[in-house]
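Structure file model.txt; described as compact mmCIF, C-alpha atoms and all ligand atoms.
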# COMPACT_ATOMS: atom_id res chain seq x y z
CA MET D 1 128.71 51.77 -24.16
CA TRP D 2 131.15 54.43 -25.34
CA ALA D 3 132.06 57.21 -22.92
CA ILE D 4 134.67 59.85 -22.22
CA ALA D 5 136.36 59.23 -18.87
CA ALA D 6 139.37 60.03 -16.69
CA ASP D 7 141.27 57.39 -14.73
CA GLU D 8 142.46 59.76 -12.00
CA PHE D 9 141.94 63.28 -10.71
CA GLY D 10 143.68 65.77 -12.97
CA GLY D 11 144.27 63.13 -15.59
CA PRO D 12 143.53 63.36 -19.30
CA VAL D 13 140.16 62.13 -20.50
CA ARG D 14 140.01 59.36 -23.08
CA SER D 15 137.37 57.54 -25.14
CA VAL D 16 136.58 54.22 -23.45
CA GLU D 17 134.08 51.37 -23.52
CA LEU D 18 132.34 50.93 -20.14
CA PRO D 19 129.40 48.91 -18.84
CA GLU D 20 126.09 50.78 -18.95
CA PRO D 21 125.26 52.30 -15.52
CA SER D 22 122.40 50.72 -13.52
CA PRO D 23 119.82 53.04 -11.97
CA GLY D 24 119.51 52.95 -8.17
CA PRO D 25 116.27 53.57 -6.25
CA GLY D 26 114.58 56.77 -7.41
CA GLU D 27 116.86 57.06 -10.43
CA LEU D 28 116.15 57.12 -14.15
CA LYS D 29 118.32 55.53 -16.80
CA VAL D 30 118.59 57.81 -19.81
CA ARG D 31 119.92 57.19 -23.32
CA VAL D 32 121.92 60.34 -23.92
CA LEU D 33 121.30 62.07 -27.25
CA ALA D 34 123.61 65.03 -26.64
CA ALA D 35 125.76 66.37 -23.79
CA GLY D 36 126.72 70.01 -23.24
CA VAL D 37 130.24 70.82 -22.01
CA ASN D 38 130.87 73.32 -19.19
CA PRO D 39 134.02 74.51 -17.38
CA PHE D 40 132.56 72.82 -14.28
CA ASP D 41 133.09 69.40 -15.92
CA ARG D 42 136.83 69.96 -16.24
CA LYS D 43 136.94 71.24 -12.65
CA VAL D 44 135.27 68.01 -11.49
CA VAL D 45 137.90 65.94 -13.33
CA ASP D 46 140.57 68.09 -11.69
CA GLY D 47 139.20 67.08 -8.28
CA MET D 48 137.37 70.24 -7.20
CA MET D 49 134.98 68.07 -5.16
CA ARG D 50 137.35 65.29 -4.16
CA ASP D 51 137.05 66.11 -0.44
CA SER D 52 133.32 66.75 -0.35
CA MET D 53 131.70 64.00 -2.45
CA PRO D 54 132.27 60.34 -3.30
CA HIS D 55 133.65 59.73 -6.82
CA VAL D 56 133.80 56.64 -9.03
CA PHE D 57 136.48 55.78 -11.60
CA PRO D 58 136.76 55.68 -14.52
CA LEU D 59 135.20 59.09 -13.89
CA VAL D 60 132.75 60.08 -16.62
CA PRO D 61 132.22 63.86 -16.48
CA GLY D 62 129.23 65.71 -17.89
CA THR D 63 126.52 67.67 -16.12
CA ASP D 64 124.25 68.83 -18.93
CA GLY D 65 122.38 66.64 -21.36
CA ALA D 66 119.30 65.73 -23.32
CA GLY D 67 118.09 62.20 -23.79
CA GLU D 68 115.40 59.57 -23.76
CA VAL D 69 114.30 57.81 -20.56
CA VAL D 70 114.84 54.07 -20.95
CA GLY D 71 111.50 52.32 -20.52
CA SER D 72 109.11 55.25 -20.94
CA GLY D 73 110.77 56.83 -23.98
CA GLU D 74 110.09 60.31 -22.53
CA ARG D 75 112.52 62.92 -23.84
CA ILE D 76 114.04 65.16 -21.16
CA PHE D 77 116.86 67.66 -20.73
CA GLY D 78 118.55 69.26 -17.75
CA THR D 79 121.34 68.78 -15.22
CA PHE D 80 122.42 65.22 -14.46
CA PHE D 81 125.13 65.93 -11.84
CA HIS D 82 124.65 63.64 -8.82
CA LYS D 83 126.48 61.50 -6.28
CA PRO D 84 128.61 59.51 -6.64
CA VAL D 85 130.37 61.88 -9.01
CA GLY D 86 131.57 60.18 -12.20
CA VAL D 87 128.38 58.87 -13.78
CA GLY D 88 128.01 61.80 -16.16
CA THR D 89 126.52 62.66 -19.53
CA PHE D 90 129.68 62.20 -21.63
CA ALA D 91 128.42 58.67 -22.35
CA GLU D 92 125.76 56.81 -24.29
CA TYR D 93 123.82 56.14 -21.07
CA VAL D 94 123.58 57.98 -17.75
CA THR D 95 121.60 57.49 -14.56
CA VAL D 96 120.11 60.40 -12.65
CA PRO D 97 117.90 60.94 -9.58
CA SER D 98 114.42 61.86 -10.80
CA THR D 99 114.57 64.81 -8.36
CA ASN D 100 117.35 66.53 -10.36
CA ALA D 101 116.57 69.68 -12.36
CA LEU D 102 115.07 67.98 -15.42
CA ALA D 103 112.27 69.05 -17.76
CA PRO D 104 110.43 67.54 -20.71
CA LEU D 105 112.12 68.25 -24.05
CA PRO D 106 109.51 70.24 -25.96
CA ASP D 107 108.51 69.24 -29.49
CA GLY D 108 110.57 71.25 -31.91
CA LEU D 109 113.57 71.74 -29.63
CA ASP D 110 116.63 69.95 -31.05
CA PRO D 111 118.24 67.78 -28.32
CA VAL D 112 121.63 69.19 -29.34
CA VAL D 113 120.39 72.72 -28.62
CA ALA D 114 118.69 71.60 -25.39
CA ALA D 115 121.91 69.96 -24.16
CA ALA D 116 123.75 73.28 -24.55
CA LEU D 117 121.26 75.13 -22.36
CA PRO D 118 121.01 73.92 -18.76
CA THR D 119 123.98 75.15 -16.69
CA ALA D 120 124.94 78.22 -18.71
CA GLY D 121 121.35 79.12 -19.61
CA MET D 122 119.93 78.83 -16.09
CA THR D 123 122.91 80.78 -14.73
CA ALA D 124 122.32 83.57 -17.25
CA LEU D 125 118.58 83.60 -16.58
CA GLN D 126 119.00 83.84 -12.80
CA LEU D 127 121.69 86.51 -13.10
CA PHE D 128 119.38 88.44 -15.43
CA ASP D 129 116.62 88.29 -12.78
CA ARG D 130 119.02 89.42 -10.03
CA LEU D 131 120.17 92.40 -12.12
CA GLY D 132 116.67 93.86 -12.07
CA ALA D 133 116.47 97.26 -13.68
CA ALA D 134 120.23 97.92 -13.92
CA ASP D 135 120.48 99.90 -17.13
CA SER D 136 124.11 99.09 -17.99
CA VAL D 137 125.83 95.80 -17.15
CA LEU D 138 129.48 94.88 -17.70
CA VAL D 139 129.63 91.20 -18.70
CA VAL D 140 133.22 89.99 -18.30
CA GLY D 141 133.69 86.80 -20.35
CA ALA D 142 130.85 87.72 -22.67
CA ARG D 143 131.65 85.32 -25.53
CA GLY D 144 131.44 82.11 -23.48
CA GLY D 145 128.46 79.97 -22.53
CA VAL D 146 126.97 82.06 -19.73
CA GLY D 147 128.06 85.36 -21.26
CA SER D 148 126.54 84.71 -24.66
CA PHE D 149 123.14 83.95 -23.09
CA LEU D 150 123.30 86.81 -20.60
CA THR D 151 124.23 89.42 -23.20
CA GLN D 152 121.28 88.33 -25.36
CA LEU D 153 118.88 88.56 -22.42
CA LEU D 154 120.19 92.03 -21.49
CA GLY D 155 120.08 93.35 -25.05
CA ASP D 156 121.40 96.89 -25.31
CA ARG D 157 121.88 97.08 -21.53
CA ALA D 158 124.89 94.70 -21.87
CA ILE D 159 128.46 95.95 -22.16
CA PRO D 160 130.30 92.82 -23.39
CA ILE D 161 133.91 92.51 -22.18
CA GLY D 162 136.28 90.04 -23.85
CA ARG D 163 139.97 89.41 -23.31
CA GLY D 164 141.96 92.64 -23.41
CA ASP D 165 138.92 94.93 -23.46
CA SER D 166 138.94 97.93 -21.10
CA LEU D 167 136.16 98.33 -18.58
CA VAL D 168 134.01 101.45 -18.27
CA GLU D 169 131.84 102.53 -15.36
CA ALA D 170 128.39 100.87 -15.36
CA ASP D 171 125.41 100.20 -13.09
CA ALA D 172 126.37 96.57 -12.60
CA LEU D 173 129.18 94.07 -13.10
CA VAL D 174 128.86 90.35 -13.83
CA ASP D 175 132.33 88.81 -13.78
CA LEU D 176 132.33 85.31 -15.24
CA VAL D 177 136.07 84.68 -15.38
CA ARG D 178 138.34 86.57 -13.02
CA ASP D 179 139.90 85.30 -9.80
CA ALA D 180 139.82 87.19 -6.49
CA ASP D 181 142.48 89.74 -7.51
CA GLY D 182 140.96 90.30 -10.94
CA TYR D 183 137.48 90.65 -9.52
CA ALA D 184 138.68 93.15 -6.91
CA ALA D 185 140.25 95.18 -9.72
CA ASN D 186 136.97 95.14 -11.71
CA LEU D 187 134.69 95.94 -8.77
CA PRO D 188 135.21 99.76 -8.72
CA TYR D 189 133.63 99.97 -12.19
CA ALA D 190 130.24 98.86 -10.79
CA ARG D 191 128.07 101.64 -9.35
CA SER D 192 125.45 99.49 -7.58
CA LEU D 193 125.48 95.71 -8.18
CA ALA D 194 128.23 93.14 -8.73
CA PHE D 195 128.33 89.36 -9.06
CA THR D 196 131.03 86.76 -9.65
CA THR D 197 130.31 83.17 -10.74
CA ASN D 198 133.72 82.04 -9.48
CA TYR D 199 133.27 82.75 -5.76
CA ALA D 200 135.91 85.46 -6.13
CA ALA D 201 134.19 88.09 -3.94
CA ALA D 202 135.01 88.95 -0.34
CA ASP D 203 131.33 89.89 0.11
CA PRO D 204 129.33 86.61 0.08
CA ALA D 205 126.29 88.41 -1.40
CA GLN D 206 128.29 88.90 -4.61
CA ASN D 207 129.18 85.19 -4.96
CA PHE D 208 126.49 83.91 -7.30
CA GLY D 209 125.47 80.24 -7.27
CA MET D 210 123.00 78.89 -9.82
CA LYS D 211 120.06 76.85 -8.54
CA GLY D 212 118.64 74.52 -11.17
CA SER D 213 114.92 73.89 -11.54
CA ALA D 214 112.48 72.41 -14.02
CA GLU D 215 110.75 75.81 -14.17
CA ALA D 216 113.97 77.56 -15.24
CA LEU D 217 114.60 74.90 -17.91
CA THR D 218 111.07 75.26 -19.27
CA ARG D 219 111.44 79.04 -19.36
CA LEU D 220 114.73 78.72 -21.25
CA ALA D 221 113.21 76.31 -23.77
CA SER D 222 110.38 78.78 -24.41
CA LEU D 223 112.85 81.61 -25.00
CA VAL D 224 114.65 79.48 -27.59
CA LEU D 225 111.46 78.33 -29.29
CA ASP D 226 110.04 81.85 -29.55
CA GLY D 227 113.29 83.11 -31.07
CA THR D 228 114.33 85.33 -28.13
CA LEU D 229 117.45 83.27 -27.37
CA ASP D 230 119.93 82.00 -29.91
CA VAL D 231 122.11 79.07 -28.78
CA PRO D 232 125.62 79.56 -30.15
CA ILE D 233 126.92 76.01 -30.64
CA THR D 234 130.44 76.51 -31.95
CA ARG D 235 131.75 72.94 -31.66
CA ARG D 236 130.04 69.55 -32.16
CA LEU D 237 132.11 66.55 -31.06
CA SER D 238 131.58 62.80 -30.78
CA LEU D 239 132.46 60.44 -27.92
CA ARG D 240 135.59 59.55 -29.95
CA ASP D 241 136.87 63.15 -29.65
CA ALA D 242 137.97 62.93 -26.00
CA ALA D 243 141.19 64.84 -26.60
CA ASP D 244 139.27 67.90 -27.79
CA VAL D 245 136.46 68.01 -25.29
CA PHE D 246 138.11 70.50 -22.91
CA ALA D 247 140.23 72.16 -25.59
CA GLY D 248 138.65 75.59 -25.12
CA SER D 249 135.59 76.93 -26.75
CA GLY D 250 136.75 80.04 -28.54
CA GLY D 251 133.31 81.31 -27.54
CA GLY D 252 129.86 79.70 -27.52
CA LYS D 253 129.05 76.14 -26.49
CA THR D 254 130.59 72.75 -27.15
CA VAL D 255 128.18 69.81 -27.46
CA ILE D 256 128.95 66.09 -27.70
CA VAL D 257 126.47 64.51 -30.10
CA MET D 258 125.95 60.74 -29.65
N1 LIG D 301 128.61 79.73 -9.71
C1 LIG D 301 127.82 79.12 -10.60
O1 LIG D 301 126.69 78.72 -10.30
C2 LIG D 301 128.32 78.96 -12.01
C3 LIG D 301 127.42 78.57 -13.02
C4 LIG D 301 127.90 78.50 -14.32
C5 LIG D 301 129.24 78.78 -14.60
N2 LIG D 301 130.07 79.11 -13.58
C6 LIG D 301 131.47 79.46 -13.85
O2 LIG D 301 131.46 80.66 -14.61
C7 LIG D 301 132.59 80.67 -15.48
C8 LIG D 301 132.12 80.96 -16.91
O3 LIG D 301 131.34 79.86 -17.38
P1 LIG D 301 131.06 79.70 -18.94
O4 LIG D 301 130.26 78.48 -19.11
O5 LIG D 301 130.56 80.99 -19.50
O6 LIG D 301 132.57 79.46 -19.46
P2 LIG D 301 133.15 79.51 -20.96
O7 LIG D 301 132.10 79.05 -21.91
O8 LIG D 301 134.47 78.84 -20.93
O9 LIG D 301 133.34 81.07 -21.24
C9 LIG D 301 134.30 81.87 -20.62
C10 LIG D 301 134.62 82.99 -21.61
O10 LIG D 301 135.40 83.98 -20.96
C11 LIG D 301 136.52 84.30 -21.79
N3 LIG D 301 137.61 84.80 -20.95
C12 LIG D 301 138.55 84.10 -20.28
N4 LIG D 301 139.35 84.92 -19.59
C13 LIG D 301 138.91 86.18 -19.83
C14 LIG D 301 139.31 87.47 -19.39
N5 LIG D 301 140.35 87.64 -18.58
N6 LIG D 301 138.61 88.54 -19.81
C15 LIG D 301 137.53 88.40 -20.62
N7 LIG D 301 137.12 87.21 -21.09
C16 LIG D 301 137.79 86.11 -20.68
C17 LIG D 301 136.82 82.99 -22.49
O11 LIG D 301 137.58 83.23 -23.65
P3 LIG D 301 138.61 82.10 -24.22
O12 LIG D 301 137.71 81.09 -24.94
O13 LIG D 301 139.47 82.89 -25.09
O14 LIG D 301 139.30 81.51 -23.02
C18 LIG D 301 135.42 82.50 -22.80
O15 LIG D 301 134.91 83.10 -23.99
C19 LIG D 301 133.28 79.31 -15.30
O16 LIG D 301 134.35 79.46 -14.40
C20 LIG D 301 132.20 78.45 -14.70
O17 LIG D 301 132.72 77.37 -13.96
C21 LIG D 301 129.64 79.20 -12.30

Would you mind writing the file out in structure tokens?
Amino acid sequence: MWAIAADEFGGPVRSVELPEPSPGPGELKVRVLAAGVNPFDRKVVDGMMRDSMPHVFPLVPGTDGAGEVVGSGERIFGTFFHKPVGVGTFAEYVTVPSTNALAPLPDGLDPVVAAALPTAGMTALQLFDRLGAADSVLVVGARGGVGSFLTQLLGDRAIPIGRGDSLVEADALVDLVRDADGYAANLPYARSLAFTTNYAAADPAQNFGMKGSAEALTRLASLVLDGTLDVPITRRLSLRDAADVFAGSGGGKTVIVM
């Protein structure tokens, strides 16, 4: 099968031919139809988890995807990240524990759109729930994957902040991009609530971690199907476009279409 893989931590990714992965006990083998790209995937290649989880090489990144279960033909989408790290969705086939956050792909939902949803969409949805009734929310990094979903969910309560924009005082802050120093500089603009997705806060309650679930995926799919949520896919690549896969989004989502 064709895949995008790295030969070492921190290395470039390249288009390669690899054997198809074999499912272990409790795992599904899935023919990938589309894979969504997230900053997390590059961080995995860079070795973010090298000391905490086993990895295999060539390391195939890719957390999000939509595909067809080999054998049953059921169409599913969700998060495929599992141990050992390196059997990811940037490939024609992936294996995944059936206990991962996976949901049926509803009729009418394009697999390419579904593949763009899981990590960024569930993060946005759970942040939206945590923000409660906050009536103004600074979203720092608003044009990216998480930010584009979160600003849509918040509607006119969102104050989108892109590169170079000045902050104003607001009820809440969601900082999707800054490091510890940048987050500390942004924090005074939030009157009551603040979250970082980059574990940049000194207060652990502000360090937001997404928890994937089939329920959250189903809720996201419904929001797309009923027209509430638009999925801004700005780049469609193939498995032959390895050099471009982490080249920066310029906003929206990048999806690899098989
Ligand atoms: N903790 C969790 O559970 C969790 C879950 C999901 C994501 N995350 C993390 O959250 C971050 C955002 O994820 P994402 O999928 O939204 O990433 P993304 O799609 O790459 O979007 C990030 C956006 O922020 C913009 N940006 C970069 N620096 C900025 C700055 N200083 N001020 C304002 N905007 C800036 C980027 O613009 P350019 O394109 O110009 O660079 C891009 O539009 C990533 O670090 C990701 O790993 C964490």

Which centre and edge lengths in Å to one decimal define the box along x, y and z that fits every listed atom of ligand LIG 301 (chain D) plus 6 Å per side, as lines of an AutoDock Vina configuration file?
center_x = 133.5
center_y = 83.0
center_z = -17.4
size_x = 25.7
size_y = 23.2
size_z = 27.4

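Comparing the minimum interatomic distances between Val45 of chain D and each of D:Val224, D:Val255, D:Phe246, D:Pro25, counting all atoms listed in the file, we find that D:Phe246 sits nearest.
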
Output the neighbourhood of ligand LIG 301 (chain D) as a PyMOL selection string, that is, all protein and nucleic acid residues with some atom at most 7 Å from the ligand, counting all atoms listed in the file. chain D and resi 38-40+119-120+123+140-147+161-164+176-178+197-199+208-210+248-253

Is it possible to get the residues within 9 Å of (124.8, 52.6, -19.9) (coordinates as in the file, counting all atoms listed in the file) written as a list of chain:residue names?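 Checked against the point, the hits come out as D:Met1, D:Trp2, D:Leu18, D:Pro19, D:Glu20, D:Pro21, D:Ser22, D:Lys29, D:Val30, D:Arg31, D:Ala91, D:Glu92, D:Tyr93, D:Val94, D:Thr95.
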
Excluding Asp203 of chain D and any residue of its chain fewer than 4 positions from it, enumerate the residues within 12 Å of it, using all atoms listed in the file, and give them as a PyMOL selection string. chain D and resi 180+183-184+187+193-196+199+207-208

Atomic separation - atom CA of Gly47 of chain D relative to atom CA of Phe81 of chain D, Å: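 Interatomic distance, atom CA of Phe81 of chain D to atom CA of Gly47 of chain D: 14.6 Å.
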
Determine the nearest neighbour of Gln152 of chain D from the options D:Gly73, D:Pro232, D:Pro111, D:Pro84, counting all atoms listed in the file. D:Pro232

Quick check, in Å to one decimal: how far apart do atom CA of Ala216 of chain D and atom CA of Phe77 of chain D lie?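 Value for the atom CA of Ala216 of chain D-atom CA of Phe77 of chain D distance: 11.7 Å.
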
Which residues are near Val60 of chain D? Cut-off 9 Å, only C-alpha atoms, ignore same chain within fewer than 2 positions. Put them as a count of residues only. 17

Can I get a file of segment 147-158 of chain D from the given structure, N, CA, C and O atoms kept, as a compact mmCIF listing (two decimals), in the first residue's frame?
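And here is the file that came out, decode.txt:
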# COMPACT_ATOMS: atom_id res chain seq x y z
N GLY D 147 -10.02 26.59 15.60
CA GLY D 147 -10.56 27.94 15.65
C GLY D 147 -11.72 28.15 14.68
O GLY D 147 -12.71 28.81 15.01
N SER D 148 -11.60 27.57 13.49
CA SER D 148 -12.68 27.80 12.51
C SER D 148 -13.97 27.12 12.96
O SER D 148 -15.06 27.65 12.74
N PHE D 149 -13.86 25.95 13.63
CA PHE D 149 -15.08 25.31 14.15
C PHE D 149 -15.61 26.07 15.36
O PHE D 149 -16.81 26.29 15.49
N LEU D 150 -14.70 26.45 16.26
CA LEU D 150 -15.15 27.10 17.50
C LEU D 150 -15.83 28.45 17.21
O LEU D 150 -16.86 28.77 17.81
N THR D 151 -15.27 29.21 16.27
CA THR D 151 -15.88 30.52 15.99
C THR D 151 -17.28 30.34 15.37
O THR D 151 -18.19 31.12 15.66
N GLN D 152 -17.44 29.30 14.58
CA GLN D 152 -18.79 29.04 14.03
C GLN D 152 -19.78 28.68 15.14
O GLN D 152 -20.93 29.13 15.15
N LEU D 153 -19.32 27.81 16.07
CA LEU D 153 -20.22 27.39 17.15
C LEU D 153 -20.61 28.59 18.03
O LEU D 153 -21.75 28.70 18.49
N LEU D 154 -19.64 29.50 18.25
CA LEU D 154 -19.90 30.64 19.14
C LEU D 154 -20.70 31.73 18.45
O LEU D 154 -21.36 32.54 19.13
N GLY D 155 -20.67 31.77 17.14
CA GLY D 155 -21.41 32.81 16.42
C GLY D 155 -20.91 34.18 16.82
O GLY D 155 -19.70 34.42 16.92
N ASP D 156 -21.86 35.11 17.09
CA ASP D 156 -21.42 36.49 17.35
C ASP D 156 -20.84 36.68 18.76
O ASP D 156 -20.46 37.79 19.13
N ARG D 157 -20.71 35.60 19.51
CA ARG D 157 -19.99 35.71 20.80
C ARG D 157 -18.48 35.59 20.60
O ARG D 157 -17.70 35.86 21.51
N ALA D 158 -18.03 35.14 19.40
CA ALA D 158 -16.60 34.95 19.15
C ALA D 158 -15.92 36.25 18.77
O ALA D 158 -16.47 37.06 18.02
